[in-house]
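Novice: I have a structure I would like to understand better, so I am pasting it below and will then ask my questions one at a time.
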Amino acid sequence: MAGVLVYMSSRRKHGGSRERTRMTPIRLGIIGAGSFANSPHRPAMEAQPDRFEIVAAYDSSPSSALDWAARSRAAAYESLDDLLSHRQLEAVFITGGPLSGRFESAKNALEAGRHVIIDPPMAASAAQC
């Protein structure tokens, strides 16, 4: 998946590190579900179910989140805070949406202890970062 930026959270919301004795998929939440439906990253993630499991979706358009969630059997959320509170969520993939909101979404996810994968650009300007 060339062209993505990955940020690892230094905090774990649910405490402690989880020991993985076998390969388990990373449980992802999609921020920008409407854009992700047409993203070139979507087929790559779907082709690797042993590595990625989409468990939650959020979009500023609730119908986009609902459509995506129905296709992937994931939970749909109407707010970013609700998505970040999803119990099983380990990481978020941020794609689409206004550039002005990407940095804030990434910051909120990291503060919630979630890892972040973001489809560049990360922000509207370098100064925002």
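Each chain of the structure tokens is named A, B, ... in the order shown, its residues numbered from 1; ligands are numbered from 1 in display order.
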Set the distance at 12 Å and use only C-alpha atoms: which residues neighbour Arg102 (chain A) once local chain neighbours fewer than 2 positions away are removed? I'd like the list as a PyMOL selection string.
Specialist: chain A and resi 31-32+80+92-100+104-109+116-125+128-129
Novice: Would you save the residues from that selection as a compact mmCIF listing (two decimals), in the first residue's frame, using C-alpha atoms?
Specialist:
# COMPACT_ATOMS: atom_id res chain seq x y z
CA ILE A 31 -12.81 7.35 8.83
CA GLY A 32 -14.19 8.61 5.52
CA LEU A 80 -15.82 10.17 15.41
CA VAL A 92 -8.06 3.72 12.07
CA PHE A 93 -7.59 4.32 8.37
CA ILE A 94 -8.28 7.94 7.42
CA THR A 95 -9.16 8.64 3.80
CA GLY A 96 -11.12 11.27 1.93
CA GLY A 97 -12.98 14.12 3.50
CA PRO A 98 -11.77 17.69 3.84
CA LEU A 99 -8.04 18.08 4.43
CA SER A 100 -8.77 20.40 7.31
CA GLU A 104 -7.78 16.59 13.87
CA SER A 105 -9.12 13.07 13.26
CA ALA A 106 -5.60 11.61 13.43
CA LYS A 107 -4.83 13.55 16.60
CA ASN A 108 -8.06 12.39 18.28
CA ALA A 109 -7.39 8.77 17.29
CA VAL A 116 -3.39 5.67 12.59
CA ILE A 117 -2.98 4.92 8.90
CA ILE A 118 -3.64 8.01 6.81
CA ASP A 119 -3.99 8.45 3.09
CA PRO A 120 -1.86 11.53 2.26
CA PRO A 121 -2.00 14.42 2.50
CA MET A 122 -2.26 14.38 6.25
CA ALA A 123 -3.24 18.03 6.66
CA ALA A 124 -4.08 21.17 4.74
CA SER A 125 -0.62 22.62 5.42
CA GLN A 128 -1.00 22.38 10.82
CA CYS A 129 1.19 19.39 11.55
Novice: Write out as a PyMOL selection string the residues lying within 12 Å of Ala74 (chain A), counting only C-alpha atoms and excluding same-chain residues fewer than 6 positions away.
Specialist: chain A and resi 27-30+33+53-58+65-68+83+86+88-89
Novice: What residues in region 32-75 of chain A get the DSSP label strand (DSSP E or B)? Please answer as a ChimeraX atom specification.
Specialist: /A:52-58,75
Novice: Can you list every residue in region 20-71 of chain A that DSSP puts in alpha helix (DSSP H), as a short mmCIF file (atom, residue, chain, number, x, y, z; two decimals) with all heavy atoms, in the first residue's frame?
Specialist:
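Saved file result_21.cif follows:
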data_model
loop_
_atom_site.label_atom_id
_atom_site.label_comp_id
_atom_site.auth_asym_id
_atom_site.auth_seq_id
_atom_site.Cartn_x
_atom_site.Cartn_y
_atom_site.Cartn_z
N ALA A 33 -15.69 6.75 5.24
CA ALA A 33 -16.17 5.50 4.64
C ALA A 33 -16.63 5.69 3.20
O ALA A 33 -16.44 4.81 2.37
CB ALA A 33 -17.29 4.91 5.48
N GLY A 34 -17.22 6.83 2.89
CA GLY A 34 -17.67 7.07 1.51
C GLY A 34 -16.52 7.10 0.54
O GLY A 34 -16.59 6.50 -0.54
N SER A 35 -15.42 7.73 0.90
CA SER A 35 -14.23 7.78 0.05
C SER A 35 -13.54 6.43 0.00
O SER A 35 -13.00 6.04 -1.03
CB SER A 35 -13.24 8.82 0.57
OG SER A 35 -13.81 10.10 0.50
N PHE A 36 -13.54 5.71 1.12
CA PHE A 36 -12.85 4.42 1.18
C PHE A 36 -13.48 3.42 0.23
O PHE A 36 -12.80 2.55 -0.32
CB PHE A 36 -12.87 3.88 2.60
CG PHE A 36 -12.06 2.62 2.78
CD1 PHE A 36 -10.67 2.67 2.74
CD2 PHE A 36 -12.68 1.41 2.98
CE1 PHE A 36 -9.92 1.52 2.91
CE2 PHE A 36 -11.93 0.25 3.14
CZ PHE A 36 -10.55 0.30 3.11
N HIS A 41 -6.92 1.36 -1.84
CA HIS A 41 -6.47 0.60 -0.67
C HIS A 41 -7.51 -0.44 -0.24
O HIS A 41 -7.17 -1.44 0.37
CB HIS A 41 -6.15 1.53 0.49
CG HIS A 41 -5.14 2.57 0.14
ND1 HIS A 41 -3.84 2.26 -0.19
CD2 HIS A 41 -5.25 3.92 0.03
CE1 HIS A 41 -3.20 3.38 -0.48
NE2 HIS A 41 -4.02 4.39 -0.35
N ARG A 42 -8.78 -0.18 -0.54
CA ARG A 42 -9.85 -1.09 -0.12
C ARG A 42 -9.65 -2.51 -0.64
O ARG A 42 -9.64 -3.45 0.15
CB ARG A 42 -11.22 -0.54 -0.53
CG ARG A 42 -12.37 -1.44 -0.06
CD ARG A 42 -13.71 -0.97 -0.62
NE ARG A 42 -13.72 -0.85 -2.05
CZ ARG A 42 -13.86 -1.85 -2.93
NH1 ARG A 42 -14.01 -3.08 -2.49
NH2 ARG A 42 -13.85 -1.63 -4.22
N PRO A 43 -9.46 -2.71 -1.97
CA PRO A 43 -9.29 -4.09 -2.43
C PRO A 43 -8.04 -4.76 -1.84
O PRO A 43 -8.04 -5.97 -1.59
CB PRO A 43 -9.20 -3.98 -3.95
CG PRO A 43 -9.33 -2.56 -4.30
CD PRO A 43 -9.50 -1.76 -3.06
N ALA A 44 -6.99 -3.97 -1.62
CA ALA A 44 -5.78 -4.55 -1.03
C ALA A 44 -6.04 -5.05 0.38
O ALA A 44 -5.58 -6.12 0.77
CB ALA A 44 -4.65 -3.52 -1.04
N MET A 45 -6.80 -4.28 1.16
CA MET A 45 -7.12 -4.70 2.52
C MET A 45 -8.07 -5.88 2.51
O MET A 45 -7.91 -6.82 3.30
CB MET A 45 -7.70 -3.54 3.31
CG MET A 45 -6.69 -2.50 3.69
SD MET A 45 -7.47 -1.21 4.67
CE MET A 45 -6.06 -0.16 4.98
N GLU A 46 -9.06 -5.84 1.64
CA GLU A 46 -10.04 -6.93 1.57
C GLU A 46 -9.39 -8.24 1.10
O GLU A 46 -9.85 -9.32 1.46
CB GLU A 46 -11.19 -6.56 0.66
CG GLU A 46 -12.09 -5.50 1.27
CD GLU A 46 -13.18 -5.04 0.34
OE1 GLU A 46 -13.09 -5.25 -0.90
OE2 GLU A 46 -14.16 -4.46 0.84
N PRO A 62 -23.84 10.19 7.32
CA PRO A 62 -24.22 8.93 7.97
C PRO A 62 -24.64 7.83 6.99
O PRO A 62 -24.38 6.66 7.24
CB PRO A 62 -25.38 9.34 8.89
CG PRO A 62 -25.14 10.78 9.18
CD PRO A 62 -24.54 11.33 7.91
N SER A 63 -25.25 8.20 5.87
CA SER A 63 -25.68 7.17 4.92
C SER A 63 -24.48 6.45 4.31
O SER A 63 -24.53 5.25 4.04
CB SER A 63 -26.57 7.75 3.83
OG SER A 63 -25.88 8.69 3.05
N SER A 64 -23.37 7.17 4.10
CA SER A 64 -22.16 6.53 3.58
C SER A 64 -21.59 5.53 4.59
O SER A 64 -21.16 4.44 4.22
CB SER A 64 -21.08 7.57 3.25
OG SER A 64 -21.49 8.36 2.16
N ALA A 65 -21.59 5.90 5.85
CA ALA A 65 -21.10 4.99 6.89
C ALA A 65 -22.01 3.76 6.97
O ALA A 65 -21.52 2.63 7.08
CB ALA A 65 -21.04 5.70 8.24
N LEU A 66 -23.31 3.96 6.89
CA LEU A 66 -24.25 2.84 6.96
C LEU A 66 -24.09 1.92 5.76
O LEU A 66 -24.10 0.69 5.90
CB LEU A 66 -25.68 3.36 7.03
CG LEU A 66 -26.10 3.93 8.38
CD1 LEU A 66 -27.45 4.64 8.26
CD2 LEU A 66 -26.17 2.85 9.43
N ASP A 67 -23.93 2.50 4.55
CA ASP A 67 -23.74 1.68 3.35
C ASP A 67 -22.49 0.82 3.47
O ASP A 67 -22.51 -0.37 3.18
CB ASP A 67 -23.64 2.56 2.09
CG ASP A 67 -24.97 3.19 1.72
OD1 ASP A 67 -26.01 2.77 2.24
OD2 ASP A 67 -24.95 4.12 0.88
N TRP A 68 -21.39 1.45 3.87
CA TRP A 68 -20.14 0.71 3.97
C TRP A 68 -20.23 -0.35 5.05
O TRP A 68 -19.80 -1.48 4.87
CB TRP A 68 -18.97 1.66 4.25
CG TRP A 68 -17.73 0.89 4.45
CD1 TRP A 68 -17.08 0.66 5.62
CD2 TRP A 68 -17.03 0.16 3.46
NE1 TRP A 68 -16.01 -0.16 5.41
CE2 TRP A 68 -15.95 -0.48 4.09
CE3 TRP A 68 -17.20 -0.02 2.09
CZ2 TRP A 68 -15.05 -1.27 3.41
CZ3 TRP A 68 -16.30 -0.81 1.41
CH2 TRP A 68 -15.23 -1.43 2.07
N ALA A 69 -20.80 -0.01 6.18
CA ALA A 69 -20.89 -0.96 7.29
C ALA A 69 -21.74 -2.17 6.90
O ALA A 69 -21.41 -3.30 7.26
CB ALA A 69 -21.48 -0.27 8.51
N ALA A 70 -22.80 -1.95 6.15
CA ALA A 70 -23.65 -3.06 5.72
C ALA A 70 -22.88 -4.01 4.80
O ALA A 70 -23.02 -5.22 4.90
CB ALA A 70 -24.89 -2.53 5.01
N ARG A 71 -22.04 -3.45 3.94
CA ARG A 71 -21.25 -4.29 3.03
C ARG A 71 -20.19 -5.09 3.75
O ARG A 71 -19.86 -6.20 3.36
CB ARG A 71 -20.57 -3.42 1.96
CG ARG A 71 -21.48 -3.09 0.81
CD ARG A 71 -20.71 -2.38 -0.25
NE ARG A 71 -20.87 -0.95 0.03
CZ ARG A 71 -20.12 -0.01 -0.45
NH1 ARG A 71 -19.12 -0.30 -1.24
NH2 ARG A 71 -20.34 1.24 -0.16
#
